[in-house]
Amino acid sequence: MDYFFAFFLLFLLLNIAAAMFRLARGPSVADRLMAAQLFGSTGVAALLVLAELLNQPAMRNVALAFVLLAVMVVVCFVRSGVVCRQTVGKEQS
């Protein structure tokens, strides 16, 4: 079972690397936010796998805190209206 967790953790780390690439190359702010959300949710999954692999239940609490922070980031981003302003600007061009 430890090999499965290790393989899954490696897969998640590769997914984080792909998200970092997308974060750097995103053509718009919304694309970059989606990449950051992918980075965050994959990081939470990696923390949960590590919690099981290392038998550290406290890591689950850290993962929960990261999830709550990610929700707050999305709410703040949507309330700022950045996506709406970019969409309106493209339609007028």
# chains A, B, ... in the order shown; residues from 1 in each chain; ligands from 1
$ residues_around --residues "range 40-52 of chain A" --least-positions-apart "4" --cutoff "7 Å" --atoms "only C-alpha atoms" --output "PyMOL selection string"
chain A and resi 5+9+12+16+36+56-57+59-60+63+66+70
$ write_last_selection --atoms "C-alpha atoms" --output "PDB file, in the first residue's frame"
ATOM      1  CA  PHE A   5       0.693   6.172  -1.939  1.00  0.00           C
ATOM      2  CA  LEU A   9       2.165  11.365  -4.517  1.00  0.00           C
ATOM      3  CA  LEU A  12       0.349  14.748  -7.747  1.00  0.00           C
ATOM      4  CA  ILE A  16       1.737  20.604  -9.464  1.00  0.00           C
ATOM      5  CA  ALA A  36      -3.444  28.543  -8.880  1.00  0.00           C
ATOM      6  CA  GLN A  56       0.473  12.109  10.695  1.00  0.00           C
ATOM      7  CA  PRO A  57      -3.146  13.105  11.354  1.00  0.00           C
ATOM      8  CA  MET A  59      -1.438  17.135   8.279  1.00  0.00           C
ATOM      9  CA  ARG A  60      -5.156  16.699   7.637  1.00  0.00           C
ATOM     10  CA  ALA A  63      -4.949  20.495   4.385  1.00  0.00           C
ATOM     11  CA  PHE A  66      -5.497  25.305   2.853  1.00  0.00           C
ATOM     12  CA  ALA A  70      -8.501  28.598  -1.364  1.00  0.00           C
TER      13      ALA A  70
END
$ atom_distance --atom1 "CA of Asn55 in chain A" --atom2 "CA of Leu10 in chain A"
17.9 Å
$ closest_residue --among "A:Leu13, A:Val62, A:Met1, A:Ala30" --to "Val74 in chain A" --atoms "only C-alpha atoms"
A:Ala30
$ closest_residue --among "A:Leu38, A:Leu33, A:Val75, A:Leu64" --to "Ala17 in chain A" --atoms "only C-alpha atoms"
A:Leu38
$ atom_distance --atom1 "CA of Val29 in chain A" --atom2 "CA of Ala65 in chain A"
24.4 Å
$ atom_distance --atom1 "CA of Met72 in chain A" --atom2 "CA of Met34 in chain A"
13.9 Å
